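Asks: The following block contains the structure, expressed as structure tokens.
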Amino acid sequence: MNHLPQGWGRPRDDVYGAYDASYLQNSGPNQHTQQPVVTGTSVVALKFKEGVVIAADNLASYGSLARFTDVKRLRTFADAAVVGFGGDVSDMQYLDRLLTSLDTEEAYGTTGHTLNAHNLHTYLSKVFYKRRSEFNPLWNQVLVAGVDQEKKPFLASADLLGTTFSAPSLATGFGAHLAQPILRTLAPDEEAAAGLSKEQAVEAIKECMKVLFYRDARSMDKYSIAVVTKDGIDLRENEKLEAQSWAFAEKIRGYGTQVN
Amino acid sequence: MTSIGTGYDLTNSVFSPDGRNFQVEYAVKAVENGGTSIGIRCKDGVVLAVEKVITSKLLKPGANKRIATIDRHMGAVSSGLIPDGRHFVSRAREEAASWRKVYKTPITTSDLANRMGGYLQAYTLYSSVRPFGITAIVGGWDSERELPVDGQVGSGPSIGAGGKVEGKKYGGPGLYMIEPSGLYWGYYGAATGKGRQTAKAELEKLDLAAGKLSLEDGVKEAAKIIYIAHDDNKDKEFELEMTWISGLDGPTKGRHEEVPKDILEEAERLAKKALEGDDDEEEIKEEDKPAEGDKMEE
Amino acid sequence: MEFGTTGMLNEDGIHVDMERLKKGEVNLGTSIMAINFKDGVILGADSRTTTGAYIANRVTDKLTQVHDTIWCCRSGSAADTQAVADIVHYQLGMYGVMNGRQPTTQTAAAMFQELCYENKDRLSAGLIIAGWDERHGGQVYSIPLGGSLHKQSYAIGGSGSTYIYGYCDANWREGMNEEEAVNFVKGSLQEAIKWDGSSGGVIRMVVLTQKGADRHLYLPDSNYAVRHQ
């Protein structure tokens with residue numbers, strides 16, 4: 001063994017060759033999270049006359065493994081807004097705690113709650129942008145649903161880069177491809193969305209969750225759905241997809257010309 | 001032994017030969033001049049109340065709050081130097097937030113009192129600082145139910161966890177009073193400030209240790225006690241400020257909030273009525289006097 | 001964790017992969033689990049530690065005590081998970097002393113999560129925290145790679161767990177008695193050991209109840225049938 005302290009704990013040079021200590025240098029760039037690990041899939045939401053409907057399934061995937069099946073991805077903020085989280089679950093939990101502390105600080109004032117969904121969305125987008133600027137993004141895409149300062153329905157998205165977007169209907173992840181076209185036919189613009197009843201909006205969102213279950217390999221049939229209006233939040237966290245269509249499989253035989 | 005002229009009172013952290021820290025005792029004097037603050041630990045919640053002496057007619061009524069929220073389930077009120085009270089609140093909020101960050105659960109009332117007791121005590125140890133000129137009353141509600149770890153997802157067995165020890169109760173109301181020395185005790189009813197003696201006498205009548213007083217009645221009693229305690233200080237106008245914290249099933253759902261306006265006004269009306277009642281009795285006595293007065297007729 | 005084919009067997013007979021000295025040099029390619037049952041929780045684990053295909057330790061104890069009745073199962077890098085467990089062990093000890101009351105399983109879970117989340121880009125640690133306390137009874141928390149925290153009725157982890165998702169889902173029942181629960185853990189781990197090359201050796205268990213911690217040991221040469229401890 002090499003008696004010099006510099007050599008202790010190191011593989012012997014005469015056996016292994018010179019030790020490659022390059023990884024000990026930190027002159028290179030700092031590396032942070034480059035990928036999400038435990039993830040949630042789409043969040044979908046639609047405005048209607050008095051408020052917003054938002055939904056996300058209860059699955060947290062680990063790669064293709066459906067690892068956790070009881071993960072509630074809709075989080076309420078002080079009876080004022082619902083945040084739907086897609087992407088990394090650990091970062092969702094971090095943001096959840098951050099929003100709890102924000103809520104606590106809001107309660108310091110004596111006027112009651114002052115933050116509405118609009119304020120909350122601005123706050124979240126700034127948090128996302130700050131973290132991406134530190135090259136340490138929070139790996140999420142979120143939808144914020146609620147009502148704004150004028151008690152009008154509010155819906156907007158924010159993502160890991162700090163990008164924000166607002167529309168009468170929004171969907172993250174796979175939902176952007178599969179649910180958004182359905183929702184847009186129903187509510188192409190704000191006027192159309194303002195003409196929708198709560199029942200119509202809920203039905204459309206449920207239909208989207210069904211389509212996503214059919215076609216998103218990282219989805220499941222248990223989901224959470226919330227209706228936010230100026231009167232408060234109605235959150236249901238253990239809904240099951242209903243009226244699925246599978247029986248037509250019976251008519252499918254072979255993959256082309258086969259008849260039996 | 002008096003403190004004056006001995007020199008032992010000129011700097012903080014110095015003992016007098018008979019073992020007193022005069023700077024701390026002077027801080028207590030500052031507290032004794034402040035508006036009365038009280039806290040009542042009821043069976044289903046805690047009430048905090050303060051006699052806010054109006055120092056100027058130019059101050060907006062209802063503004064300049066004296067009771068502060070420490071965390072969502074906890075509030076504090078103090079008598080003495082108001083800026084010292086503000087700093088106390090600011091530090092208490094930091095302690096509560098830091099507890100949440102480390103343990104991902106709300107701080108209990110006793111743990112907060114412990115942290116703040118330690119903080120105030122440290123201000124008796126150094127010549128570069130002075131003791132806090134306040135006595136603070138901290139009231140809170142520790143969740144009687146099991147809480148999730150902040151941010152956690154999932155919920156465990158649908159039938160509940162196995163192996164719990166049955167028949168034990170957890171959480172509930174907490175009330176602590178912290179003095180300039182850093183000394184703190186837990187109380188059923190706490191009072192400090194100018195009217196503390198009167199207020200304590202009234203609190204003792206409530207038999208709070210029996211744990212029978214409801215939060216709703218506690219609010220009324222608190223208002224009454226502040227009004228009675230103010231009676232000795234009648235020349236000055238005052239405002240009553242009151243907050244409460246109920247259990248999760250109660251009116252504030254475990255949160256520290258202002259007592260709603262209608263309930264506060266009702267409590268004040270009853271308080272005034274009770275006081276007037278006392279006056280009426282006195283007046284009746286005075287009406288009785290004419291009988292004696294007859295004798296005095298010349 | 002994947003292993004390269006580089007490296008050599010040196011004269012001590014220890015496999016040292018020069019390119020893997022940093023990344024998970026000793027890997028707990030593992031089968032671990034913890035379950036809730038009627039009186040508390042049971043933790044279980046195999047005993048294999050591998051360095052590539054070489055079994056560096058065939059009688060490893062992956063069940064680590066961090067407080068009287070709060071334990072954890074470790075998977076991932078042995079060095080990382082030991083370091084994290086040591087830190088939490090210290091913090092929980094301090095909690096008890098400073099606050100004059102015992103920490104709960106939640107306290108431990110919160111501490112583990114903070115370490116795993118804030119250092120996610122430096123750690124490879126998959127942990128299961130299980131404990132018993134008076135107020136909450138038995139509780140099981142899972143902290144997978146990214147540092148998220150999941151409360152579960154039972155949790156499985158490590159490379160071997162992927163082979164037993166079906167077995168566990170089919171055989172799981174809530175509120176089992178101790179014997180049933182031990183058999184569930186044993187049955188699950190036997191399957192994991194059977195199908196996962198990175199799991200093997202003995203089955204260790206710890207039963208956590210109001211009575212404290214009780215260790216179990218089952219050996220492969222008696223087909224895990226006899227309790228040896």
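Ordering of the structure tokens sets the chain letters (A, B, ...), residue numbers begin anew at 1 in every chain, and ligands are numbered from 1 in the order given.
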Please report, as a ChimeraX atom specification, each residue of region 103-195 of chain B to which DSSP assigns strand (DSSP E or B) when run on this structure's backbone.

Replies: /B:134-142,153,172-178,184-186,189-192

Asks: Could you produce a table of the residues of chain A lying within 9 Å of chain B, with the nearest pair of atoms per residue and their separation in Å rounded to one decimal, using only C-alpha atoms, ordered by chain and increasing residue number, as a Markdown table?

Replies:
```
| residue | atom | partner | partner_atom | distance |
| --- | --- | --- | --- | --- |
| A:Phe68 | CA | B:Gly154 | CA | 8.0 |
| A:Thr69 | CA | B:Gly154 | CA | 8.3 |
| A:Asp70 | CA | B:Gly154 | CA | 5.3 |
| A:Val71 | CA | B:Val153 | CA | 5.4 |
| A:Lys72 | CA | B:Val153 | CA | 6.6 |
| A:Arg73 | CA | B:Val153 | CA | 8.6 |
| A:Val89 | CA | B:Val153 | CA | 8.9 |
| A:Ser90 | CA | B:Gly151 | CA | 8.9 |
| A:Met92 | CA | B:Gly151 | CA | 8.1 |
| A:Gln93 | CA | B:Gly151 | CA | 4.6 |
| A:Tyr94 | CA | B:Gly151 | CA | 6.9 |
| A:Leu95 | CA | B:Gly151 | CA | 8.3 |
| A:Asp96 | CA | B:Gly151 | CA | 5.6 |
| A:Arg97 | CA | B:Gly151 | CA | 5.6 |
| A:Thr100 | CA | B:Asp150 | CA | 8.4 |
| A:Ser101 | CA | B:Ala97 | CA | 7.5 |
| A:Asp103 | CA | B:Arg72 | CA | 8.5 |
| A:Thr104 | CA | B:Arg72 | CA | 5.7 |
| A:Glu105 | CA | B:Asp71 | CA | 8.1 |
| A:Ala107 | CA | B:Arg72 | CA | 6.8 |
| A:Tyr108 | CA | B:Thr69 | CA | 5.2 |
| A:Gly109 | CA | B:Thr69 | CA | 8.0 |
| A:Thr110 | CA | B:Glu258 | CA | 7.7 |
| A:Gly112 | CA | B:Glu257 | CA | 8.7 |
```

Asks: Can you work out which residues from chain C touch chain B at a cut-off of 7 Å (counting only C-alpha atoms) and hand them back as JSON, numbers by chain?

Replies: {"C": [36, 37, 38, 39, 40, 106, 107, 110, 111, 134, 135, 136, 137, 138, 139, 149, 150, 151, 152, 153, 174, 175, 209, 210]}

Asks: Excluding Val202 (chain A) and any residue of its chain fewer than 2 positions from it, enumerate the residues within 10 Å of it, using only C-alpha atoms, and give them as a PyMOL selection string.

Replies: chain A and resi 45-48+52-55+196-200+204-208+225-227

Asks: So how far away is CA of Pro106 (chain B) from CA of Glu144 (chain B), in Å?

Replies: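 It comes out at 12.3 Å.
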
Asks: What are the residues of chain C lining chain A at 7 Å or less? Count only C-alpha atoms, and put the answer as a list in words.

Replies: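 Result, ordered by chain then number: Asp121, Leu145, Gly146, Gly147 and Ser148 of chain C.
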
Asks: For Arg74 (chain C), work out the shell of residues within 8 Å, counting only C-alpha atoms and skipping chain neighbours fewer than 6 positions away, then give it as a list in words.

Replies: Leu28, Ile32, Lys62, Leu63, Thr64, Thr81, Gln82, Ala125, Gly126, Leu127 and Ile128 of chain C

Asks: Mind checking which residues fall within 10 Å of Glu221 (chain B), counting only C-alpha atoms, ignoring those fewer than 5 positions away in the same chain, and posting them as a PyMOL selection string?

Replies: chain B and resi 40+47+202-203+206+213+215-216+226-227+267-268+270-271

Asks: If you measure from CA of Gln141 (chain A) to CA of Leu115 (chain C), what distance in Å do you get, rounded to one decimal?

Replies: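 These atoms are spaced 24.2 Å apart.
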
Asks: Write out as a list of chain:residue names which residues come within 8 Å of Glu95 (chain B) when counting only C-alpha atoms, dropping same-chain ones fewer than 4 positions away.

Replies: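 My list of contacting residues is B:Arg91, B:Trp99, B:Leu112, B:Arg115.
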
Asks: Within 10 Å of Thr76 (chain A), counting only C-alpha atoms, which residues show up once you throw out same-chain ones fewer than 4 positions away? Write them as a list in words, please.

Replies: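 In the requested form, the answer reads Ala80, Ala81, Val82, Val83, Gly84, Asp96, Leu99, Thr100, Val144, Ala145, Gly146, Ala226, Val228, Ile233, Asp234 and Leu235 of chain A.
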
Asks: Could you give me, as a Markdown table, every region 176-248 of chain A residue with an atom at most 7 Å from region 158-171 of chain A, plus its closest atom pair and distance in Å to one decimal, counting only C-alpha atoms, rows ordered by chain then number?

Replies:
```
| residue | atom | partner | partner_atom | distance |
| --- | --- | --- | --- | --- |
| A:Ala176 | CA | A:Ala171 | CA | 4.7 |
| A:Ala179 | CA | A:Ala171 | CA | 6.7 |
| A:Gln180 | CA | A:Ala171 | CA | 6.0 |
| A:Leu183 | CA | A:Ser169 | CA | 6.2 |
| A:Arg184 | CA | A:Ser169 | CA | 6.8 |
| A:Ala187 | CA | A:Pro168 | CA | 6.7 |
| A:Asp189 | CA | A:Pro168 | CA | 6.3 |
| A:Glu190 | CA | A:Pro168 | CA | 5.6 |
| A:Ala193 | CA | A:Pro168 | CA | 6.2 |
```

Asks: Could you check how far CA of Lys186 (chain C) sits from CA of Val88 (chain C), in Å to one decimal?

Replies: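 Interatomic distance here is 27.7 Å.
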